[in-house]
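Comments concern the structure below.
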Number of protein chains: 4
Amino acid sequence: MTRTAQAAVMGAFKTPIEVREYPVPAELGPGDVLVRVSMAGICGTDVHLHLGQLNVPLPLIMGHETVGVVERMGGAVDDWLGNPLAVGDRVSWTVGMPCGTCQYCRLHRLPSRCANRKAYGVNIPCDRPPHFLGGYAQVHHLRAGTAIFKLADDLRTESLIGAGCAIVTCVHGYERMPLRWAESVVIQGSGPVGLAALALAADAGARPIIVIGGPAERLERCRLFGADVIVDIDRIKDSGKRRGVVLEHTGGLGADVVVECVGHPAAVAEGWELCRDGGRYMVLGQYCDAGPTPLNPHLITRKEITVYGSYGSEPHHWARALEFLRVRADRFPFHELITHRFALDQVNEALDKVAKWETGKAVVLPNG
Amino acid sequence: MTRTAQAAVMGAFKTPIEVREYPVPAELGPGDVLVRVSMAGICGTDVHLHLGQLNVPLPLIMGHETVGVVERMGGAVDDWLGNPLAVGDRVSWTVGMPCGTCQYCRLHRLPSRCANRKAYGVNIPCDRPPHFLGGYAQVHHLRAGTAIFKLADDLRTESLIGAGCAIVTCVHGYERMPLRWAESVVIQGSGPVGLAALALAADAGARPIIVIGGPAERLERCRLFGADVIVDIDRIKDSGKRRGVVLEHTGGLGADVVVECVGHPAAVAEGWELCRDGGRYMVLGQYCDAGPTPLNPHLITRKEITVYGSYGSEPHHWARALEFLRVRADRFPFHELITHRFALDQVNEALDKVAKWETGKAVVLPNG
Amino acid sequence: MTRTAQAAVMGAFKTPIEVREYPVPAELGPGDVLVRVSMAGICGTDVHLHLGQLNVPLPLIMGHETVGVVERMGGAVDDWLGNPLAVGDRVSWTVGMPCGTCQYCRLHRLPSRCANRKAYGVNIPCDRPPHFLGGYAQVHHLRAGTAIFKLADDLRTESLIGAGCAIVTCVHGYERMPLRWAESVVIQGSGPVGLAALALAADAGARPIIVIGGPAERLERCRLFGADVIVDIDRIKDSGKRRGVVLEHTGGLGADVVVECVGHPAAVAEGWELCRDGGRYMVLGQYCDAGPTPLNPHLITRKEITVYGSYGSEPHHWARALEFLRVRADRFPFHELITHRFALDQVNEALDKVAKWETGKAVVLPNG
Amino acid sequence: MTRTAQAAVMGAFKTPIEVREYPVPAELGPGDVLVRVSMAGICGTDVHLHLGQLNVPLPLIMGHETVGVVERMGGAVDDWLGNPLAVGDRVSWTVGMPCGTCQYCRLHRLPSRCANRKAYGVNIPCDRPPHFLGGYAQVHHLRAGTAIFKLADDLRTESLIGAGCAIVTCVHGYERMPLRWAESVVIQGSGPVGLAALALAADAGARPIIVIGGPAERLERCRLFGADVIVDIDRIKDSGKRRGVVLEHTGGLGADVVVECVGHPAAVAEGWELCRDGGRYMVLGQYCDAGPTPLNPHLITRKEITVYGSYGSEPHHWARALEFLRVRADRFPFHELITHRFALDQVNEALDKVAKWETGKAVVLPNG
C-alpha cells in the first residue's frame, strides 16, 4: 500500500500548478473508497478556474472528469445503481455532492442548485486530509455517499473522458427541455457541449440538425456525429446570412429548437432570431458569468418562444450518459475525441494548449 | 335602417382623430353580422397606435375591445360556441382573424402568429367598404367567420370592457405557462395586464401573490383583487430593496413564478432576479418593440429558470375569459374599473388622458 | 422521565387490540426524536389493516396520522425544512421512509414506490425496541432522518388530523395530474379523500366542481367546502342518471377531469363515462387490491382520455399540505371534521365505529 | 375526359362487394379536386367495416389510404402546406374531415373527436354525387377543404401505402404521449400499428425496444425495423414468462413505456403488468369496441402508471408522417411491406386474405 501519492495542485490563480506529495489516507471511514486514477479529463472550465474567474478555494486539485480503479474500500460499498464494488473495479463518479437538506435539495427537488453543493475538483480545497479530492492526482478519495458508477466492460474509459462533463450537462438540459420527435434543431457551438448536444439530438431523431460553429476540424466531427447542415462561422461571418441558412433548411420560419452551447453571451441574441415563433431555446453554455448582453425581450413575447436554462447534473444523468456512451459507441465515437495525453507534471502545458484551443480532448494520465 | 353612421377615424399618426361618416353596408354577405356598438374600450395600445409606434395601415378606426348589439345578419349565423344569433343579441368578438392556411395556422397550430393575421381596430384600413371594422364607431361590421360570442344576461358589458383585451392576453399566457397549485407569484406591473394576471393567479390559488407597481390607487385595487403583498415602486425605488421584499415573502429564495406586465424592457432584468432557482418567468407585457436591454443569460443557465412568451389570443381564450368574468364578478369586480366615458367626438381627449395615466379604464360610447 | 409508556398493540388480525406497556428508549441515537403523542387519527386504512387485508407484520402499533410534542432529542435535530427543533415543539411527520438507495428512490426518483419502504404505523413491528413506531401510543419514536415538521402556532392540531393522510394523497395526486385553470371537475366519493380532493380543486379555481357521493351529511360538508353540484348516490341510484347530471353541468360533453376517491373498483367504469373526450381521469382511491373489474379499454382509445395513478406521498407533499391547512383554514375548516375522540383503551370501539361509517373523523388521545 | 368510372361498392355488410359504374362529376366546385387513384391500401379496419362491426352508412366505397394523380381541379387549389397543385401531381390526403364548428373542434381543439366528423372511405355513402368518396375506385373526388398533400418525388407511393393509416395513428399517439430520450419501450403487437409504433420509437432513440407479437415473419420484419428484443407469442404462450423477458431487459422493473397495438382487449391487462412503476401505457389498438375486459384499477394507483389514449389523426400528423417516410426510407423500408396487389374486381378476395392474415400489406390498383 502506497503511503503517499502525487497531485497537481493549484496553489494560486494564474500561477503555475505544482506537483505535490500528500499522504494517502491510511484508514477509510465506512463507505469511503480510494481510487487509483486512470485518466482525468481537462475541461475548459479548468482553464477558467485557473484564471480565477470562478471564486473557488485554494489550494485545489482540479479534475472533475475522472476514471479510476478501486484500490481500497471502507467496508462493503455499493455503487449508485446498487452493484457491489470490489477492489480492481473500474469506476467513475458524479463530482457534485448536494447537501440533501437545503430547500433546493428537499422542497424544490433541484439538487443541482443545492446551497451547499460540494464538487470534487472544483470547490473542495486539498490542504487537509484526505487531500485527494480532484482528478489531477494519482489517487482520488471518494467520500461515503459519493455517487460511484462501476463501469461496464464494454464502456471504454476513453468514451467517458472523451465526452467529459459536457455529456451530462446535455442529458440534464434535454431533461429540462425534452426534444419532441422529429424536431428541427440548431446547435450553436461545436465545442464539447455542442458536440454532445448534437449527439443526443441525433439519437433522439431530430431533423434537420444544423450546427453553427468552428473551426473546420470540429465541424467535420459534427458531420460525422450526425449534423445535417454545417454553418462555419469562419466562412459565414454575417449573423443575418447564418440566419438565412437556418431559414432555408427550416421551411423559412426558423428552427423548432435552438441550443446555445457557445458560452459567449452574444450568441443568445443571435439564437433567439434562429427560433421559429413558438419555438424553444436552451441556454446551456453560459456557465461563467460574463455579465449582461443586449437582448430584446419583445422577441420573447412576439415570437412566443420559451427559453430554458440548465445547470450541472445529478447522478441519474450520469447513469443515463454512461449507458448512452456504451450502447451508442459506434454511432458516436466519443473515444476518438482524445487528442492529447499529459503526465501529471505537464498540467500547465496541457491547460495552456486547451486555452489556445489547440487540442481536441486533452487528458491527464497521473500514473503514467 | 340607418344609411350612414359615424366613426372616429385616424387619418394620420400623431394628428387629431376625426369623426367621419361612412355608408353602412346595405347588403350583408352570408354569415356577416352588423352590430350597433354599445361600448368600446380604449386600450393603452391605441395610444401607441396613434403615435405610429406600430406600423398599421391608415385610415383606421381603432377599437379592439367592443360590445354591441346585433342589428342585421347575413342569413342565419351561429356564435362561436354554436348558439344561434338573433337581432337584438348583445355580443362581443375576437378581433384577431388568422388566415387558417399558413404554416403557423396549420402545421404549428399557433394562429396567434398567423403570417396574414387581420385584427379589427388594428390593421384593417377603413377607406373601403364595409368601412366599419373597429370599435370607435356607431356600428361594426363583422365578417363571416368572425368568432362572435353572445353574452350571457348575467355578464355585464362593463365587466368585459373593464377587463379589456388584457384578460385574454393573460388567459393565453397562463395557458402557455400554467400555474401549478399554491405557487408563489410576483406580478410586475399593476396596469390592466397586471391586474388581470393577478386576478387569474388568485383564482388559481396562487399564494402569496406579490404585486410590484404603482401608483397607489392601482395598488389599492390590486389588494382588493387578492394581492397578499404590495410593493409600491414610488416608495421603494431601489430594485435591490424590492427584491428584498420578495425574498422575505418567499422563504428567502425568490418566487416560483414571476409575470412581467410592465412593458418597459428594464423590468425583465429585475424580474429574473426575483425568480427562485428553477422558477418560471413570463414576458407578457413587451408587446411593443422597445429594442434590446441589458440582460444576463448566465442567470438563465445558473438559476435554471424557464422564460415564457405569449402573444395575442385565440377565440377559446375569449370563451374562457367571458365565463370567468361572469362567474367571478363578485370576487373580481372588473366592471368597477371603468372611470371615464367619452362620446365619439371626444376620442382625442380620451387618448390624451389615457396616455397621461389619468384614467382607470376609459371607454367610448359611440351611440351616446 | 417516564420509564414505560402505553400503546394499543394489534397482536393478531381481526382480534381485539390490547393496550401494552413497553419501555421507553432510555438513550436516543444522534438525530432520533422522542415525541409525546397529542392526537392520532384513525384512518379507514387502519380498519383494513385490522382485518388483515394488507400483509403487514405483527405485532403492530397502528396510527400514521399523528401530532405530538417533542420530549427528548438525540442531540441537535432540525426539522425537514431546516428549522431547529426544541423540546416542547409541536410536530408531525411523514410516516413513509424510503430507503434512498433502490432504483425507484434513485434512478426513477419515485420514492413513493421504494422497494424497501418502511412506514410508521403500517409495516414496522413493535416487538423490539424502540417499540413506539405508530401513533396509537403515548409516545412515538422518530428515527434519525424522519421528515419531521415543526407546526406553526396558527396551524391547529385538529386541522391536520382532521384532514389526515387524505390531504397528502391528494396533494401528490394533483402533482402527478395538475389541474389547469378553470377546469370542470367531478369528484367521485365524499369520504376523506374525496373531501380533500374537492378542497384542493376548489382552491385551484376548478369550476364547476361536481361531487358524487353520500351520505347526506358528508355531501352537506362538501357543499361547504365548495362543491357547485352535489349528486347523492342514495337518491340517484342509476349510473346513467348520474351521468346525465354531469353532462348537464359540463356543456353536454362530460367533465374535463374526474377524480376517483371511492375505493370500490366499479367506480372506475362509471368514471370513464363521466370524462369528456380528451379529458383526464385520476385513480386515487384504489389503495387496496380488490381485484379486476370489467373496464372497456376501447373508451381510452376512442375518448382519448388519460388515466393517472398516484400512491402515497413524499415529505414535500406534507410541507405543502401543512401550509395549505394553515393558510386556508377559514375556507376549508378541516378541524371541524373531528367528531369522535377515544382513549387508548377504546381503540377497538373506535375502529368498529369507523368501519360502520358512524363517525366523521375519529381520533385517539393516548395521553388523555 | 372520362364520363364514368368504376368503384368497388359495399352495398350490404357481409355480402360480396360489387364493382359499379358511377358518373364522374362533370363540374367541380371551387377548391374541389378530382384524382385518378394510383393505389389504395386495404386496412384491417376495412375487414371490420365489411363485417358490419362499425355502424357505417351504405352503400360505401371503402379505402382510406389512397394515393392518386390530380386529374382536374375546381380553379386554383393549394395543398395543405401551401404548395400550388397542378394536374398530374401525385397526391395523398387526410381522410378525416372535422366540421370545424363543434365544441371539440373549437373549444377543446380535439378535431379527432369532432361530433360531425366525415371520413372518406368510412362514413360517407356513395349513392349520391359526387359518388367517388373512397379509395377503392378509379377516381376519387376531394371536397374543397380536404387536406391534400402533394407528394415529394423521392417519396414512394409504396412507402406511404405500405405504412398505411397506422403511421399517422402512431404519430398522433406519440404526440399525446411523447417518448422521452432513451426510454425502454415494449410494443404489444407486430401488425401494421405495432410496426409503425416500433419504427417511430426507434427513430426517437428508445432502447431497448421489445416487441411482443407474431407470427415469425412479422417479427423478423420488426427486427429489421430496430427491435432489440423479440417475444414470439407462439413460442412463449405464458403471460408470466413474457413478463419475465421484459423484466430481464428492463433492470427487473418493467418498461418505461408500453404501447398497445394489438386490438384485443385482453392485451391491456398483460400490458399494465409490463410497465414499471411510474411508467406510461398507451392504448393505441382498441379502435373497435370489443366490450369490457377484466382490468385491475388498483394497479393504476399502486404502480402510479399513466394510461394514454389516442384516436384518429389530424392533417399535421400526415405532414409529419410523409416527411418521416421520405427521409427515413432506408432505415424503415415500409415500401417493402406490400405483398399483394389486387384489381378492383378482386376486392372480395383481397379482404378475405387480409382477414385471414395471409398477407403483408395488400393494395388495390383500381386502374390496373
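Going by the C-alpha cells order, chains are called A, B, ..., each with residues numbered from 1, while ligands are numbered from 1 in the order shown.
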
Chain D contacts to chain B at 9 Å (only C-alpha atoms) as number ranges by chain: D: 80-82, 101-103, 106-109, 315-317, 319

Write the selection just made, keeping N, CA, C and O atoms, as a compact mmCIF listing (two decimals), in the first residue's frame?
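File out_1.txt, as written:
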# COMPACT_ATOMS: atom_id res chain seq x y z
N TRP D 80 -52.20 21.30 -48.50
CA TRP D 80 -52.36 21.73 -47.11
C TRP D 80 -51.18 22.54 -46.60
O TRP D 80 -51.31 23.37 -45.70
N LEU D 81 -50.03 22.31 -47.24
CA LEU D 81 -48.84 23.04 -46.82
C LEU D 81 -48.61 24.30 -47.64
O LEU D 81 -47.59 24.95 -47.50
N GLY D 82 -49.58 24.63 -48.53
CA GLY D 82 -49.47 25.87 -49.27
C GLY D 82 -48.85 25.73 -50.64
O GLY D 82 -48.66 26.73 -51.34
N THR D 101 -66.64 23.38 -36.34
CA THR D 101 -67.51 24.30 -35.58
C THR D 101 -68.05 23.71 -34.28
O THR D 101 -68.62 24.44 -33.48
N CYS D 102 -67.87 22.42 -34.05
CA CYS D 102 -68.41 21.83 -32.81
C CYS D 102 -67.48 22.16 -31.63
O CYS D 102 -66.39 22.70 -31.81
N GLN D 103 -67.93 21.83 -30.45
CA GLN D 103 -67.13 22.14 -29.27
C GLN D 103 -65.77 21.44 -29.29
O GLN D 103 -64.78 21.98 -28.81
N ARG D 106 -63.61 23.34 -31.78
CA ARG D 106 -63.26 24.70 -31.37
C ARG D 106 -62.73 24.80 -29.96
O ARG D 106 -61.55 25.07 -29.73
N LEU D 107 -63.59 24.60 -29.01
CA LEU D 107 -63.24 24.90 -27.63
C LEU D 107 -62.13 23.98 -27.12
O LEU D 107 -61.22 24.42 -26.41
N HIS D 108 -62.21 22.70 -27.48
CA HIS D 108 -61.25 21.75 -26.92
C HIS D 108 -60.13 21.41 -27.90
O HIS D 108 -59.25 20.63 -27.57
N ARG D 109 -60.18 21.99 -29.08
CA ARG D 109 -59.14 21.75 -30.10
C ARG D 109 -58.78 20.26 -30.21
O ARG D 109 -57.62 19.87 -30.12
N PRO D 315 -54.41 16.57 -39.94
CA PRO D 315 -53.52 16.79 -41.09
C PRO D 315 -52.06 16.96 -40.71
O PRO D 315 -51.17 16.48 -41.42
N HIS D 316 -51.79 17.62 -39.58
CA HIS D 316 -50.37 17.83 -39.28
C HIS D 316 -49.67 16.50 -38.97
O HIS D 316 -48.46 16.39 -39.13
N HIS D 317 -50.42 15.50 -38.54
CA HIS D 317 -49.80 14.18 -38.36
C HIS D 317 -49.42 13.58 -39.71
O HIS D 317 -48.38 12.93 -39.84
N ALA D 319 -48.65 15.32 -42.36
CA ALA D 319 -47.49 16.08 -42.85
C ALA D 319 -46.20 15.51 -42.25
O ALA D 319 -45.19 15.32 -42.95

Contact residues around A:Arg3 with only C-alpha atoms at 10 Å, ignoring same-chain residues under 5 positions, as an MDAnalysis selection string: chainID A and resid 22:26

For those residues, write N, CA, C and O atoms to a file as an mmCIF file, in the first residue's frame.
data_model
loop_
_atom_site.group_PDB
_atom_site.id
_atom_site.type_symbol
_atom_site.label_atom_id
_atom_site.label_comp_id
_atom_site.auth_asym_id
_atom_site.auth_seq_id
_atom_site.Cartn_x
_atom_site.Cartn_y
_atom_site.Cartn_z
ATOM 1 N N TYR A 22 1.156 14.187 -1.097
ATOM 2 C CA TYR A 22 0.340 14.182 0.132
ATOM 3 C C TYR A 22 0.265 12.754 0.653
ATOM 4 O O TYR A 22 0.345 11.801 -0.124
ATOM 5 N N PRO A 23 0.062 12.632 1.959
ATOM 6 C CA PRO A 23 -0.140 11.270 2.488
ATOM 7 C C PRO A 23 -1.485 10.707 2.026
ATOM 8 O O PRO A 23 -2.492 11.408 2.046
ATOM 9 N N VAL A 24 -1.465 9.482 1.613
ATOM 10 C CA VAL A 24 -2.700 8.791 1.261
ATOM 11 C C VAL A 24 -3.398 8.392 2.556
ATOM 12 O O VAL A 24 -2.742 7.952 3.492
ATOM 13 N N PRO A 25 -4.717 8.561 2.644
ATOM 14 C CA PRO A 25 -5.423 8.198 3.878
ATOM 15 C C PRO A 25 -5.117 6.758 4.272
ATOM 16 O O PRO A 25 -5.273 5.851 3.446
ATOM 17 N N ALA A 26 -4.688 6.574 5.487
ATOM 18 C CA ALA A 26 -4.339 5.230 5.936
ATOM 19 C C ALA A 26 -5.589 4.418 6.229
ATOM 20 O O ALA A 26 -5.681 3.238 5.916
#

Neighbour list for stretch 327-329 of chain C as a ChimeraX atom specification, cut-off 10 Å, only C-alpha atoms, skip fewer than 5 positions in-chain: /B:207 /C:154-156,159,199,203,321-322,334-335

Contact residues around C:Arg218 with only C-alpha atoms at 9 Å, ignoring same-chain residues under 2 positions, as number ranges by chain: C: 190-191, 195, 213-216, 220-223, 360

Exercise: stretch 290-293 of chain C partners within 10 Å, only C-alpha atoms, chain neighbours under 3 positions left out, as a PyMOL selection string: (chain C and resi 53+263-269+286-287+296) or (chain D and resi 269+292-299)

Keeping only all heavy atoms, write the selected residues to a file as a short mmCIF file (atom, residue, chain, number, x, y, z; two decimals), in the first residue's frame.
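Output file again.cif follows:
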data_model
loop_
_atom_site.label_atom_id
_atom_site.label_comp_id
_atom_site.auth_asym_id
_atom_site.auth_seq_id
_atom_site.Cartn_x
_atom_site.Cartn_y
_atom_site.Cartn_z
N GLN C 53 -56.26 -7.28 5.59
CA GLN C 53 -56.37 -7.19 4.13
C GLN C 53 -55.08 -6.71 3.47
O GLN C 53 -54.93 -6.81 2.26
CB GLN C 53 -57.55 -6.27 3.75
CG GLN C 53 -58.90 -6.86 4.13
CD GLN C 53 -60.06 -5.90 3.90
OE1 GLN C 53 -59.85 -4.74 3.62
NE2 GLN C 53 -61.28 -6.42 4.03
N GLY C 263 -62.69 4.00 -3.92
CA GLY C 263 -62.07 2.79 -3.42
C GLY C 263 -62.70 1.54 -3.97
O GLY C 263 -62.04 0.50 -4.05
N HIS C 264 -63.95 1.59 -4.36
CA HIS C 264 -64.60 0.42 -4.95
C HIS C 264 -64.28 0.40 -6.45
O HIS C 264 -64.48 1.38 -7.14
CB HIS C 264 -66.11 0.49 -4.73
CG HIS C 264 -66.78 -0.82 -4.99
ND1 HIS C 264 -66.98 -1.31 -6.25
CD2 HIS C 264 -67.28 -1.76 -4.15
CE1 HIS C 264 -67.58 -2.49 -6.19
NE2 HIS C 264 -67.77 -2.79 -4.92
N PRO C 265 -63.77 -0.75 -6.96
CA PRO C 265 -63.32 -0.79 -8.36
C PRO C 265 -64.40 -0.38 -9.36
O PRO C 265 -64.09 0.21 -10.40
CB PRO C 265 -62.94 -2.27 -8.57
CG PRO C 265 -62.63 -2.78 -7.22
CD PRO C 265 -63.50 -2.02 -6.26
N ALA C 266 -65.67 -0.67 -9.06
CA ALA C 266 -66.74 -0.38 -10.04
C ALA C 266 -66.85 1.11 -10.33
O ALA C 266 -67.38 1.50 -11.38
CB ALA C 266 -68.07 -0.91 -9.52
N ALA C 267 -66.37 1.94 -9.43
CA ALA C 267 -66.44 3.38 -9.66
C ALA C 267 -65.67 3.80 -10.91
O ALA C 267 -66.01 4.79 -11.56
CB ALA C 267 -65.91 4.14 -8.44
N VAL C 268 -64.65 3.05 -11.25
CA VAL C 268 -63.80 3.43 -12.37
C VAL C 268 -64.56 3.36 -13.70
O VAL C 268 -64.46 4.26 -14.53
CB VAL C 268 -62.52 2.57 -12.40
CG1 VAL C 268 -61.65 2.93 -13.60
CG2 VAL C 268 -61.74 2.76 -11.10
N ALA C 269 -65.34 2.30 -13.88
CA ALA C 269 -66.10 2.18 -15.13
C ALA C 269 -67.07 3.35 -15.27
O ALA C 269 -67.20 3.94 -16.34
CB ALA C 269 -66.85 0.85 -15.15
N GLN C 286 -57.95 3.62 -5.08
CA GLN C 286 -57.84 2.16 -5.14
C GLN C 286 -56.58 1.68 -4.40
O GLN C 286 -55.76 0.96 -4.97
CB GLN C 286 -57.84 1.71 -6.61
CG GLN C 286 -58.99 2.23 -7.43
CD GLN C 286 -60.31 1.56 -7.11
OE1 GLN C 286 -60.35 0.40 -6.70
NE2 GLN C 286 -61.43 2.29 -7.23
N TYR C 287 -56.47 2.05 -3.12
CA TYR C 287 -55.29 1.65 -2.35
C TYR C 287 -55.24 0.16 -2.08
O TYR C 287 -54.18 -0.44 -2.05
CB TYR C 287 -55.24 2.43 -1.03
CG TYR C 287 -54.25 3.54 -1.14
CD1 TYR C 287 -54.44 4.54 -2.09
CD2 TYR C 287 -53.10 3.56 -0.37
CE1 TYR C 287 -53.50 5.54 -2.25
CE2 TYR C 287 -52.17 4.57 -0.53
CZ TYR C 287 -52.37 5.55 -1.46
OH TYR C 287 -51.45 6.53 -1.63
N ASN C 296 -63.67 -1.08 -20.08
CA ASN C 296 -63.62 -1.12 -21.53
C ASN C 296 -62.47 -0.25 -22.06
O ASN C 296 -62.60 0.97 -22.14
CB ASN C 296 -64.95 -0.66 -22.12
CG ASN C 296 -65.01 -0.91 -23.62
OD1 ASN C 296 -63.99 -1.19 -24.26
ND2 ASN C 296 -66.21 -0.82 -24.19
N ALA D 269 -54.60 -5.86 -19.94
CA ALA D 269 -54.28 -6.39 -18.60
C ALA D 269 -52.83 -6.86 -18.55
O ALA D 269 -52.10 -6.57 -17.60
CB ALA D 269 -55.23 -7.53 -18.25
N PRO D 292 -66.12 -4.68 -22.39
CA PRO D 292 -65.27 -4.66 -21.21
C PRO D 292 -64.41 -5.91 -21.09
O PRO D 292 -64.76 -6.96 -21.63
CB PRO D 292 -66.26 -4.59 -20.04
CG PRO D 292 -67.56 -4.18 -20.64
CD PRO D 292 -67.55 -4.71 -22.04
N THR D 293 -63.33 -5.75 -20.39
CA THR D 293 -62.41 -6.84 -20.10
C THR D 293 -61.99 -6.68 -18.65
O THR D 293 -62.01 -5.56 -18.14
CB THR D 293 -61.20 -6.77 -21.06
OG1 THR D 293 -60.38 -7.91 -20.87
CG2 THR D 293 -60.37 -5.53 -20.81
N PRO D 294 -61.64 -7.75 -17.95
CA PRO D 294 -61.24 -7.57 -16.54
C PRO D 294 -59.92 -6.81 -16.43
O PRO D 294 -58.90 -7.25 -16.96
CB PRO D 294 -61.09 -9.02 -16.02
CG PRO D 294 -61.82 -9.87 -17.02
CD PRO D 294 -61.69 -9.17 -18.33
N LEU D 295 -59.96 -5.70 -15.74
CA LEU D 295 -58.76 -4.89 -15.51
C LEU D 295 -58.74 -4.49 -14.04
O LEU D 295 -59.79 -4.24 -13.45
CB LEU D 295 -58.78 -3.63 -16.40
CG LEU D 295 -58.54 -3.84 -17.88
CD1 LEU D 295 -58.84 -2.57 -18.66
CD2 LEU D 295 -57.10 -4.29 -18.13
N ASN D 296 -57.55 -4.39 -13.48
CA ASN D 296 -57.43 -4.08 -12.06
C ASN D 296 -56.99 -2.62 -11.85
O ASN D 296 -55.81 -2.30 -11.99
CB ASN D 296 -56.43 -5.03 -11.41
CG ASN D 296 -56.47 -4.90 -9.90
OD1 ASN D 296 -57.02 -3.94 -9.36
ND2 ASN D 296 -55.87 -5.87 -9.21
N PRO D 297 -57.92 -1.75 -11.51
CA PRO D 297 -57.56 -0.33 -11.34
C PRO D 297 -56.60 -0.09 -10.18
O PRO D 297 -55.94 0.95 -10.14
CB PRO D 297 -58.91 0.35 -11.10
CG PRO D 297 -59.82 -0.72 -10.61
CD PRO D 297 -59.35 -2.00 -11.25
N HIS D 298 -56.54 -1.03 -9.24
CA HIS D 298 -55.56 -0.90 -8.16
C HIS D 298 -54.14 -0.77 -8.71
O HIS D 298 -53.31 -0.06 -8.13
CB HIS D 298 -55.68 -2.14 -7.26
CG HIS D 298 -54.56 -2.30 -6.28
ND1 HIS D 298 -54.33 -1.41 -5.25
CD2 HIS D 298 -53.59 -3.24 -6.18
CE1 HIS D 298 -53.28 -1.81 -4.56
NE2 HIS D 298 -52.81 -2.90 -5.11
N LEU D 299 -53.88 -1.41 -9.84
CA LEU D 299 -52.54 -1.31 -10.43
C LEU D 299 -52.21 0.11 -10.83
O LEU D 299 -51.07 0.55 -10.75
CB LEU D 299 -52.43 -2.23 -11.66
CG LEU D 299 -52.44 -3.73 -11.38
CD1 LEU D 299 -52.26 -4.49 -12.68
CD2 LEU D 299 -51.34 -4.09 -10.39
#
